[in-house]
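Colleague: The following block contains the structure, expressed as structure tokens.
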Amino acid sequence: MKRIFGPIINGTDRKARGKKAGIMPGIPQETIDRVVNSTNIVELIGSFVALKKIGQNFQGLCPFHDDKTPSLSVSPEKKIFRCFGCGASGNAITFLRRHKNLPFPEAVRFLAGKARIPMDTEEDKNRELFLFCLVKAQVEFAAQLRSGAYRSAVNYLTERGINQGTQEEFALGYAGSVKDLIAALKKSGIKDKEIPLGVGLLKEKEQGITCPFMGRIIFPLTNERGATVGFGGRAIDSSSQAKYINSPDSVTFAKRKVLFGLKQLRISNDTVFVVEGYFDVLTLHEAGFKNTVGLLGTEISAEQTRILETLARSVILIFDGDPGGQAALLKCLKVQRRNLTVKAVVLPEGDPDEIVRSGKTAEFEALIEKAKPLREAAVEIINQRKRKESIEHLTEEVARIGTEIPDALEASLFAQEAAEALSLPAWVLQEKILGRREKKERIVERKRQLERFLVNELIIKPDLFPPEKLESIKDLFDDNDQKQILLHQVLKHA
Ligand SMILES: [Zn+2]
């Protein structure tokens with residue numbers, strides 16, 4: 001059953017994707033993806049054709065050929081349909097286009113309207129412009145690195161053992177001169193007033209326009225389609241306040257939706273290695289582990305997990321051998337993972353970069369071999385920590401983690417296994433966790449209602465808050481759709 005629907009990325013198949021991008025340069029792929037993901041395809045097709053649930057999918061008479069037996073199958077999980085009689089297939093947009101004979105943009109607009117996804121051409125234009133600027137900036141940063149004017153940047157990469165081939169493959173750069181950056185943007189046809197301040201590439205300060213990435217090695221970050229959406233930056237001057245910075249979340253960039261090295265990823269054995277740092281990714285690629293991607297200095301997000309689910313069946317999370325690595329592993333438990341086998345390992349010491357760089361590639365491989373299923377790895381950490389920490393403190397932490405695990409059964413199993421590690425009766429932890437989960441659900445629901453209320457008010461009264469207030473309010477939102485609408489409002493005011 002699994003293979004019927006073929007390779008899927010976010011509910012759109014690869015071939016359809018390429019075609020559409022060509023037809024509709026006006027609607028960004030991101031908006032199209034959001035429309036597809038927010039549309040209930042069973043409800044949509046079900047409003048034209050009677051559908052019956054068979055197993056996980058729905059079946060009905062195909063409207064695209066003279067169908068006598070129900071040949072049309074709809075997958076709510078993959079958000080696509082397929083007819084076994086005439087071969088018609090696609091997503092909600094494809095269906096609507098064919099069935100109502102609508103042009104592509106109108107089908108998108110219709111579904112966007114139903115899902116209340118803003119389709120503002122001004123915003124779309126802005127996003128296109130931002131993406132264009134980011135590509136131009138990436139080229140300029142790479143040129144600055146290779147210009148010979150910034151020896152310390154070149155030396156830094158050499159000292160860290162990153163060879164020329166890898167630097168080019170990952171399109172690494174250096175931000176040495178704001179003046180040259182602006183000149184390069186202008187040379188590619190970007191007008192003064194269009195210089196993008198909204199995506200964190202440049203900032204307007206009293207002394208003029210500055211770039212927060214100055215003095216840093218630049219790591220271009222790409223989305224699933226390989227488009228540059230933001231940057232990571234590593235300071236080469238050790239006195240710099242922050243070693244690493246990333247582009248701020250914006251209309252083009254969301255940290256939780258990006259993995260470093262996605263474009264260079266080559267999957268082997270249906271498995272992806274996920275590491276913490278930029279240099280871990282570069283070093284592992286050089287050592288032949290081309291199936292490695294990096295998190296951007298945080299625990300793995302639900303969105304990143306979803307990307308990985310479309311690429312491979314199994315993931316091994318590799319954490320640095322320090323308390324930070326242990327804590328990051330525990331946090332991963334709160335991410336839902338349906339179609340992905342997740343194993344994890346905390347290295348005994350150091351990070352993958354240090355281990356492989358010191359010639360211990362075989363040892364590294366042996367450590368990866370020993371990766372355990374995520375929950376088991378988490379319980380092992382609890383077990384280790386009980387030698388150094390009080391049981392009360394650990395009980396509290398286990399309860400907190402258990403409250404955040406999305407799946408109730410998994411939370412209960414975690415409580416049971418952690419209780420065993422802490423030599424406590426299982427019910428002590430399970431009761432604690434259950435109570436907190438119920439309370440949390442009530443709070444989450446109330447917050448969701450409040451967010452919806454606020455956004456509705458804002459649509460009616462757009463001047464309710466000044467733009468800078470909106471900017472700070474949006475970070476308090478949990479519901480992503482409501483947040484997007486709010487971002488849209490911010491951008492309209494900017
Ligand atoms: Zn058909």
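Labels used: A, B, ... for chains in the order of the structure tokens, numbers from 1 for residues in each chain, and numbers from 1 for ligands as shown.
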Would you name the residues within 12 Å of ligand 1, counting only C-alpha atoms and all ligand atoms, and put them as a list of chain:residue names?
Modeller: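 The residues near ligand 1 are A:Gln59, A:Gly60, A:Leu61, A:Cys62, A:Pro63, A:Phe64, A:His65, A:Asp66, A:Asp67, A:Lys68, A:Thr69, A:Pro70, A:Ser71, A:Leu72, A:Ser73, A:Phe81, A:Arg82, A:Cys83, A:Phe84, A:Gly85, A:Cys86, A:Gly87, A:Ala88, A:Ser89, A:Gly90, A:Phe95, A:Arg98, A:His99.
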Colleague: Tell me which protein, DNA and RNA residues are within 12 Å of Gln484 of chain A, counting only C-alpha atoms, leaving out same-chain ones fewer than 6 positions away, and put them as number ranges by chain.
Modeller: A: 30-31, 34, 116-119, 123, 249-252, 254, 451-452, 455, 470-471, 474-475, 477-478, 490-491
Colleague: Atom CA of Gly46 of chain A to atom CA of Pro105 of chain A: how many Å, to one decimal?
Modeller: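 Atom-to-atom, atom CA of Gly46 of chain A to atom CA of Pro105 of chain A, that is 22.0 Å.
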Colleague: Name the residues of segment 153-390 of chain A that come out as helix (DSSP H, G or I) in a backbone DSSP run; write them as a PyMOL selection string.
Modeller: chain A and resi 153-159+164-169+178-187+192-194+255-257+278-286+302-311+323-332+352-357+361-369+374-385
Colleague: Within 9 Å of segment 218-222 of chain A, counting only C-alpha atoms, which residues qualify if same-chain residues fewer than 2 places away don't, as a PyMOL selection string?
Modeller: chain A and resi 138+141-142+170-175+213+216+224-234+258-263+278
Colleague: Ranking A:Ser38, A:Ser423, A:Gln264, A:Gln164 by minimum distance to Asn91 of chain A and counting only C-alpha atoms, which one comes first?
Modeller: A:Ser38
Colleague: Nearest to Pro76 of chain A among A:Glu43, A:Asp322, A:Glu106, A:Glu457, with distances taken over only C-alpha atoms: which residue is it?
Modeller: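 Distance minimum relative to Pro76 of chain A lands on A:Glu43.
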Colleague: Give me the residues within 10 Å of Arg97 of chain A as an MDAnalysis selection string, counting only C-alpha atoms and dropping any in the same chain fewer than 5 places off.
Modeller: chainID A and resid 92 102:108
Colleague: If you run DSSP over the backbone, which residues in segment 252-484 of chain A end up strand (DSSP E)? Put them as a VMD selection string.
Modeller: chain A and resid 271 to 275 292 to 294 314 to 319 341 to 346 372 to 373
Colleague: Just to be explicit: take each residue in the selection above, keep N, CA and C atoms, and write the result as a short mmCIF file (atom, residue, chain, number, x, y, z; two decimals), in the first residue's frame.
Modeller:
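For reference, result_7.cif as written:
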data_model
loop_
_atom_site.label_atom_id
_atom_site.label_comp_id
_atom_site.auth_asym_id
_atom_site.auth_seq_id
_atom_site.Cartn_x
_atom_site.Cartn_y
_atom_site.Cartn_z
N THR A 271 19.46 6.23 5.72
CA THR A 271 19.69 6.82 7.04
C THR A 271 20.35 8.19 6.92
N VAL A 272 19.89 9.12 7.76
CA VAL A 272 20.51 10.45 7.80
C VAL A 272 21.14 10.64 9.18
N PHE A 273 22.37 11.14 9.21
CA PHE A 273 23.00 11.53 10.48
C PHE A 273 22.65 13.00 10.75
N VAL A 274 22.24 13.28 11.98
CA VAL A 274 21.95 14.66 12.33
C VAL A 274 22.91 15.09 13.44
N VAL A 275 23.70 16.12 13.18
CA VAL A 275 24.69 16.59 14.16
C VAL A 275 24.37 18.01 14.61
N THR A 292 25.00 13.43 6.15
CA THR A 292 24.92 14.21 7.39
C THR A 292 24.32 15.60 7.17
N VAL A 293 23.42 15.97 8.07
CA VAL A 293 22.93 17.36 8.10
C VAL A 293 23.09 17.91 9.51
N GLY A 294 23.00 19.24 9.65
CA GLY A 294 23.21 19.85 10.95
C GLY A 294 22.00 20.63 11.43
N SER A 314 15.25 6.37 8.40
CA SER A 314 15.86 6.34 9.72
C SER A 314 16.84 7.48 9.92
N VAL A 315 16.90 7.93 11.17
CA VAL A 315 17.75 9.07 11.51
C VAL A 315 18.57 8.70 12.74
N ILE A 316 19.84 9.09 12.72
CA ILE A 316 20.65 8.93 13.94
C ILE A 316 21.06 10.32 14.41
N LEU A 317 20.60 10.68 15.60
CA LEU A 317 20.94 11.97 16.17
C LEU A 317 22.26 11.81 16.92
N ILE A 318 23.23 12.65 16.60
CA ILE A 318 24.56 12.53 17.22
C ILE A 318 24.84 13.79 18.02
N PHE A 319 24.95 13.64 19.34
CA PHE A 319 25.12 14.80 20.19
C PHE A 319 26.53 14.89 20.76
N THR A 341 12.36 6.13 12.07
CA THR A 341 13.01 5.46 13.19
C THR A 341 14.11 6.39 13.67
N VAL A 342 14.04 6.79 14.93
CA VAL A 342 15.04 7.73 15.44
C VAL A 342 15.91 7.06 16.49
N LYS A 343 17.21 7.03 16.20
CA LYS A 343 18.16 6.55 17.19
C LYS A 343 19.01 7.74 17.62
N ALA A 344 19.65 7.60 18.78
CA ALA A 344 20.45 8.72 19.25
C ALA A 344 21.68 8.21 19.99
N VAL A 345 22.72 9.04 19.94
CA VAL A 345 23.93 8.72 20.69
C VAL A 345 24.54 10.02 21.21
N VAL A 346 24.98 9.99 22.47
CA VAL A 346 25.76 11.12 23.00
C VAL A 346 27.21 10.65 22.99
N LYS A 372 21.23 4.14 20.18
CA LYS A 372 20.06 3.41 20.68
C LYS A 372 18.77 4.13 20.28
N PRO A 373 17.65 3.42 20.28
CA PRO A 373 16.38 4.12 20.05
C PRO A 373 16.26 5.31 21.02
#
Colleague: May I have the residues within 8 Å of Leu284 of chain A as a PyMOL selection string, using only C-alpha atoms and disregarding those fewer than 4 positions away in the same chain?
Modeller: chain A and resi 280+288-290+292+352-353+356
Colleague: With a distance cut-off of 12 Å and only C-alpha atoms, select the neighbouring residues of segment 186-197 of chain A, excluding the residue or stretch itself and same-chain residues fewer than 2 positions from it, and output the selection as a VMD selection string.
Modeller: chain A and resid 125 to 137 139 to 140 179 to 184 199 to 205 209 to 212 247 to 248 250 to 252 491 494
Colleague: To one decimal place in Å, what is the distance between atom CA of Trp427 of chain A and atom CA of Leu409 of chain A?
Modeller: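 One can read the atom CA of Trp427 of chain A to atom CA of Leu409 of chain A distance as 14.1 Å.
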Colleague: Skip segment 433-441 of chain A itself and residues of its chain fewer than 6 positions away, then list as a list in words all residues within 12 Å of it, counting only C-alpha atoms.
Modeller: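 Listed by chain and then number, they are Thr395, Glu396, Glu397, Val398, Ala399, Arg400, Ile401, Gly402, Thr403, Glu404, Ile405, Pro406, Asp407, Ala408, Leu409, Glu410, Ala411, Ser412, Leu413, Phe414, Ala415, Gln416, Ala419, Ala426, Trp427, Lys447 and Arg448 of chain A.
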Colleague: Mind dumping the selected residues with C-alpha atoms as a CSV table (one decimal), in the first residue's frame?
Modeller:
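So the final result, stored in out.csv, reads:
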chain,number,residue,atom,x,y,z
A,395,THR,CA,12.0,13.1,39.1
A,396,GLU,CA,10.9,16.7,38.5
A,397,GLU,CA,12.8,16.8,35.2
A,398,VAL,CA,11.4,13.5,34.0
A,399,ALA,CA,7.9,14.7,34.7
A,400,ARG,CA,8.5,17.9,32.8
A,401,ILE,CA,9.9,15.9,29.8
A,402,GLY,CA,7.0,13.4,30.0
A,403,THR,CA,4.5,16.2,29.9
A,404,GLU,CA,5.9,17.4,26.6
A,405,ILE,CA,6.0,14.1,24.7
A,406,PRO,CA,3.2,14.4,22.2
A,407,ASP,CA,2.2,10.8,22.1
A,408,ALA,CA,0.4,9.7,25.4
A,409,LEU,CA,1.5,6.1,25.1
A,410,GLU,CA,5.1,7.0,24.6
A,411,ALA,CA,4.9,9.4,27.5
A,412,SER,CA,3.6,6.6,29.7
A,413,LEU,CA,6.4,4.2,28.6
A,414,PHE,CA,9.0,6.9,29.2
A,415,ALA,CA,7.6,7.4,32.7
A,416,GLN,CA,7.7,3.7,33.4
A,419,ALA,CA,10.9,5.3,37.1
A,426,ALA,CA,6.0,3.7,38.0
A,427,TRP,CA,2.7,5.2,39.1
A,447,LYS,CA,-4.1,30.2,24.3
A,448,ARG,CA,-5.2,29.0,20.8
Colleague: Tell me, in Å to one decimal, how far atom CA of Asn269 of chain A is from atom CA of Ala377 of chain A.
Modeller: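 Computing the Euclidean distance for atom CA of Asn269 of chain A and atom CA of Ala377 of chain A yields 21.6 Å.
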